[in-house]
Amino acid sequence: MILTQLPAAFEAARPVLETIEAAGYEAYFVGGCVRDTILGKPLHDVDIATSAFPAEVKGLFKRTVDTGIEHGTVMILDHGNGYETTTFRTESGYQDFRRPDQVTFVRSLKEDLKRRDFTINALAMKTTGEVIDLFDGLSDLKAGVLRAVGVAEDRFHEDALRMMRAVRFASQLDFKIEPATLQAVTDNAALLTKIAVERTRVEWEKLLLGQTPVRGLNALLSTGLYQYMPLMADQRAALERLVALPAWQLTTVESAWTLLCWLTQRRSVASVRQFLKVWKTSNDLITHVTAAVVALAALQANGQLTSQENFDTGLDALTTANQVATVLGFGQSQAKLAAVYAALPIHDKHELAINGGDLLKHQLVTPGPAMGQVLAACLRAVITGQVSNEPAKLLDFARMVADSKNN
Ligand SMILES: Nc1ccn([C@@H]2O[C@H](COP(=O)(O)OP(=O)(O)OP(=O)(O)O)[C@@H](O)[C@H]2O)c(=O)n1
Ligand SMILES: [Mg+2]
């Protein structure tokens, strides 16, 4: 197969490969970028593999960065772009089921491709657009099949994360996992516990955001792989509920985690937090998802949020909650929700027309906890429309609250 129309990213990288070739070495585009180009999907990174050893690569270019020199990866900087270039290599001894004990640089493309995970990821392409297909990746790509290169179990022993990659690609590409590869996932599922949570999380998020998540979820269920994902061992029923929902698609990681928390019955701030902490998500994501889950409960119970709930949730988490509510069958018009939110008198507590200093100046409170309580009451009154957000009105209201506290 020769690809005639190459995406811009390849054209930009072409001189880099040509420089390597001109020095007498081989250089190819490899892996996901070749797969995605043939599938007509957008590219996010261009990987290059070469017969040149790292020191040889570095000798050919003015500017390089040793991004992973011990594995043979050098980043070549060219016209404002960076290209990860990895020397053909074989690997041996995978005692920890994560990474090789030893990497050996070789001059043979075939040796390099045969230790890759799936046939569709073991394609290489020359600068001419000619695709090198040594493991029948093209026919699998055409048929929509995920098949391990060689003996599946060996590939999963080299890197157990590849089992998560299998279910992730099934969802992302809408591919079937062929029986021997699926069986090897079943047989080796427990090895997933050797993998860092962060790596598993990335694949899990990609699965949930894929075009046919149900394919990936069904593979997780049928192989039992889900049992070895953090806090998922007892969640078969939740995953089955996800599979049973009418066809759904999510667009953000926040929505994915919100949906997951909801279906695993994690509805309180504490339980959502505990779940996401184990999955090692960022604090920003935890804040977002806890707010979205609370809002989701309000949407389900009342079909709408009170002013106070809208204010507490914020528009981003509200949008997430509504995306998930839509998947669950009780979504609202996003335009209407956004309009109601926009109509709130204020959207941030710093917009309150008075502050603690004003309360002190007018001798309504003395410094201490009372100040915070009076301000909180003012904020609530403004959000719910009880008092308008003007200094004079708020000071009157604050006086009333302070007096009632003193009596
Ligand atoms: N556990 C892994 C990870 C990667 N690879 C190989 O390295 C390539 C690039 O890896 P990566 O960028 O992580 O994955 P992609 O397949 O490119 O997928 P994505 O679209 O997510 O980048 C893969 O295509 C595959 O050939 C592998 O064999 N085993
Ligand atoms: Mg990639």
# chains A, B, ... in the order shown; residues from 1 in each chain; ligands from 1
$ residues_near_ligand --ligand "ligand 2" --cutoff "10 Å" --atoms "only C-alpha atoms and all ligand atoms" --output "JSON list (two decimals) with C-alpha atoms, in the first residue's frame"
[["chain", "number", "residue", "atom", "x", "y", "z"],
["A", 30, "VAL", "CA", 5.70, 4.03, 13.02],
["A", 31, "GLY", "CA", 2.89, 3.09, 15.37],
["A", 32, "GLY", "CA", -0.27, 5.06, 16.05],
["A", 33, "CYS", "CA", 0.41, 7.80, 13.51],
["A", 34, "VAL", "CA", 0.47, 5.31, 10.61],
["A", 35, "ARG", "CA", -2.63, 3.51, 11.94],
["A", 36, "ASP", "CA", -4.59, 6.74, 12.37],
["A", 43, "LEU", "CA", -2.94, 12.69, 14.35],
["A", 44, "HIS", "CA", -1.68, 13.87, 17.71],
["A", 45, "ASP", "CA", 1.92, 12.78, 17.55],
["A", 46, "VAL", "CA", 4.31, 11.52, 14.91],
["A", 47, "ASP", "CA", 6.71, 8.78, 16.01],
["A", 121, "ASN", "CA", 0.27, -0.65, 15.69]]
$ residues_near_ligand --ligand "ligand 1" --cutoff "10 Å" --atoms "only C-alpha atoms and all ligand atoms" --output "number ranges by chain"
A: 30-36, 41-48, 98-99, 112-124, 148-149, 155-156, 158-166, 168-169, 172, 199, 202-203, 206
$ residues_around --residues "stretch 395-407 of chain A" --least-positions-apart "3" --cutoff "10 Å" --atoms "only C-alpha atoms" --output "list in words"
Ala353, Ile354, Asn355, Asp358, Leu359, His362, Gln363, Leu364, Val365, Ala370, Met371, Gln373, Val374, Leu375, Ala376, Ala377, Cys378, Ala381, Gln386, Val387, Glu390, Pro391 and Ala392 of chain A
$ closest_residue --among "A:Gln308, A:Thr264, A:Ser92, A:Thr313" --to "A:Val294" --atoms "only C-alpha atoms"
A:Thr313
$ select_by_dssp --residues "stretch 173-240 of chain A" --states "helix (DSSP H, G or I)" --output "number ranges by chain"
A: 173, 179-194, 197-208, 213-223, 225-228, 236-240
$ write_last_selection --atoms "N, CA and C atoms" --output "short mmCIF file (atom, residue, chain, number, x, y, z; two decimals), in the first residue's frame"
data_model
loop_
_atom_site.label_atom_id
_atom_site.label_comp_id
_atom_site.auth_asym_id
_atom_site.auth_seq_id
_atom_site.Cartn_x
_atom_site.Cartn_y
_atom_site.Cartn_z
N LEU A 173 -11.73 2.76 18.45
CA LEU A 173 -11.75 2.49 17.01
C LEU A 173 -12.97 1.70 16.59
N PRO A 179 -10.25 -13.60 19.10
CA PRO A 179 -10.41 -14.53 20.22
C PRO A 179 -9.13 -14.88 20.99
N ALA A 180 -8.02 -15.13 20.30
CA ALA A 180 -6.81 -15.55 21.05
C ALA A 180 -6.29 -14.39 21.90
N THR A 181 -6.41 -13.18 21.37
CA THR A 181 -5.95 -12.01 22.12
C THR A 181 -6.86 -11.79 23.33
N LEU A 182 -8.16 -11.96 23.11
CA LEU A 182 -9.13 -11.80 24.20
C LEU A 182 -8.90 -12.85 25.29
N GLN A 183 -8.63 -14.07 24.85
CA GLN A 183 -8.37 -15.15 25.81
C GLN A 183 -7.12 -14.83 26.65
N ALA A 184 -6.11 -14.27 26.00
CA ALA A 184 -4.88 -13.93 26.73
C ALA A 184 -5.14 -12.81 27.75
N VAL A 185 -6.06 -11.91 27.44
CA VAL A 185 -6.42 -10.89 28.43
C VAL A 185 -7.09 -11.59 29.63
N THR A 186 -7.99 -12.50 29.35
CA THR A 186 -8.67 -13.23 30.43
C THR A 186 -7.65 -13.95 31.31
N ASP A 187 -6.72 -14.63 30.66
CA ASP A 187 -5.75 -15.45 31.41
C ASP A 187 -4.76 -14.62 32.22
N ASN A 188 -4.51 -13.40 31.77
CA ASN A 188 -3.45 -12.60 32.40
C ASN A 188 -3.95 -11.35 33.11
N ALA A 189 -5.29 -11.24 33.22
CA ALA A 189 -5.90 -10.01 33.73
C ALA A 189 -5.27 -9.54 35.05
N ALA A 190 -4.96 -10.49 35.93
CA ALA A 190 -4.46 -10.11 37.26
C ALA A 190 -3.15 -9.33 37.19
N LEU A 191 -2.44 -9.46 36.07
CA LEU A 191 -1.16 -8.73 35.95
C LEU A 191 -1.36 -7.22 35.91
N LEU A 192 -2.60 -6.80 35.65
CA LEU A 192 -2.85 -5.36 35.59
C LEU A 192 -2.49 -4.68 36.92
N THR A 193 -2.57 -5.42 38.01
CA THR A 193 -2.25 -4.82 39.32
C THR A 193 -0.78 -4.40 39.42
N LYS A 194 0.05 -4.86 38.48
CA LYS A 194 1.47 -4.46 38.49
C LYS A 194 1.67 -3.07 37.89
N VAL A 197 -1.24 3.11 38.63
CA VAL A 197 -2.62 3.59 38.48
C VAL A 197 -2.73 4.66 37.39
N GLU A 198 -1.76 5.55 37.35
CA GLU A 198 -1.84 6.66 36.39
C GLU A 198 -1.91 6.16 34.95
N ARG A 199 -1.16 5.11 34.65
CA ARG A 199 -1.16 4.58 33.27
C ARG A 199 -2.50 3.90 32.98
N THR A 200 -2.99 3.14 33.94
CA THR A 200 -4.29 2.49 33.75
C THR A 200 -5.38 3.55 33.58
N ARG A 201 -5.26 4.62 34.35
CA ARG A 201 -6.28 5.67 34.30
C ARG A 201 -6.38 6.28 32.90
N VAL A 202 -5.23 6.54 32.28
CA VAL A 202 -5.25 7.17 30.95
C VAL A 202 -6.02 6.28 29.97
N GLU A 203 -5.78 4.98 30.02
CA GLU A 203 -6.48 4.07 29.11
C GLU A 203 -7.97 3.99 29.43
N TRP A 204 -8.28 3.99 30.70
CA TRP A 204 -9.68 3.92 31.16
C TRP A 204 -10.44 5.16 30.68
N GLU A 205 -9.80 6.31 30.78
CA GLU A 205 -10.45 7.54 30.32
C GLU A 205 -10.66 7.49 28.80
N LYS A 206 -9.64 7.03 28.09
CA LYS A 206 -9.79 6.95 26.62
C LYS A 206 -10.90 5.97 26.25
N LEU A 207 -11.02 4.89 27.00
CA LEU A 207 -12.09 3.92 26.73
C LEU A 207 -13.45 4.61 26.91
N LEU A 208 -13.63 5.28 28.04
CA LEU A 208 -14.93 5.89 28.34
C LEU A 208 -15.29 7.00 27.36
N PRO A 213 -17.92 3.02 23.54
CA PRO A 213 -17.46 2.56 24.85
C PRO A 213 -18.01 1.19 25.21
N VAL A 214 -19.19 0.87 24.72
CA VAL A 214 -19.80 -0.41 25.07
C VAL A 214 -18.93 -1.59 24.62
N ARG A 215 -18.25 -1.44 23.50
CA ARG A 215 -17.34 -2.50 23.05
C ARG A 215 -16.22 -2.74 24.06
N GLY A 216 -15.62 -1.66 24.51
CA GLY A 216 -14.54 -1.79 25.49
C GLY A 216 -15.06 -2.33 26.81
N LEU A 217 -16.23 -1.85 27.22
CA LEU A 217 -16.81 -2.29 28.49
C LEU A 217 -17.17 -3.77 28.44
N ASN A 218 -17.72 -4.19 27.33
CA ASN A 218 -18.06 -5.62 27.20
C ASN A 218 -16.81 -6.48 27.28
N ALA A 219 -15.73 -5.99 26.70
CA ALA A 219 -14.47 -6.76 26.76
C ALA A 219 -13.92 -6.76 28.20
N LEU A 220 -14.07 -5.64 28.89
CA LEU A 220 -13.64 -5.60 30.30
C LEU A 220 -14.43 -6.63 31.11
N LEU A 221 -15.73 -6.73 30.82
CA LEU A 221 -16.59 -7.65 31.57
C LEU A 221 -16.29 -9.10 31.21
N SER A 222 -16.19 -9.37 29.91
CA SER A 222 -16.05 -10.78 29.51
C SER A 222 -14.69 -11.35 29.91
N THR A 223 -13.66 -10.50 29.97
CA THR A 223 -12.34 -11.00 30.35
C THR A 223 -12.12 -10.94 31.86
N LEU A 225 -11.15 -8.29 33.29
CA LEU A 225 -10.05 -7.34 33.52
C LEU A 225 -10.46 -6.23 34.50
N TYR A 226 -11.75 -5.86 34.48
CA TYR A 226 -12.22 -4.76 35.36
C TYR A 226 -11.91 -5.04 36.82
N GLN A 227 -11.86 -6.33 37.19
CA GLN A 227 -11.65 -6.68 38.60
C GLN A 227 -10.30 -6.23 39.12
N TYR A 228 -9.39 -5.95 38.21
CA TYR A 228 -8.04 -5.58 38.61
C TYR A 228 -7.78 -4.08 38.43
N ARG A 236 -19.19 -5.04 38.91
CA ARG A 236 -19.74 -5.66 37.70
C ARG A 236 -21.12 -5.09 37.36
N ALA A 237 -21.98 -4.98 38.36
CA ALA A 237 -23.35 -4.53 38.11
C ALA A 237 -23.35 -3.10 37.54
N ALA A 238 -22.47 -2.26 38.07
CA ALA A 238 -22.41 -0.87 37.58
C ALA A 238 -21.98 -0.86 36.11
N LEU A 239 -20.99 -1.69 35.78
CA LEU A 239 -20.52 -1.73 34.38
C LEU A 239 -21.61 -2.29 33.48
N GLU A 240 -22.37 -3.23 34.00
CA GLU A 240 -23.48 -3.78 33.19
C GLU A 240 -24.56 -2.71 32.97
#
$ closest_residue --among "A:Gln249, A:Asn283, A:Asn322, A:Thr384" --to "A:Ala343" --atoms "only C-alpha atoms"
A:Thr384
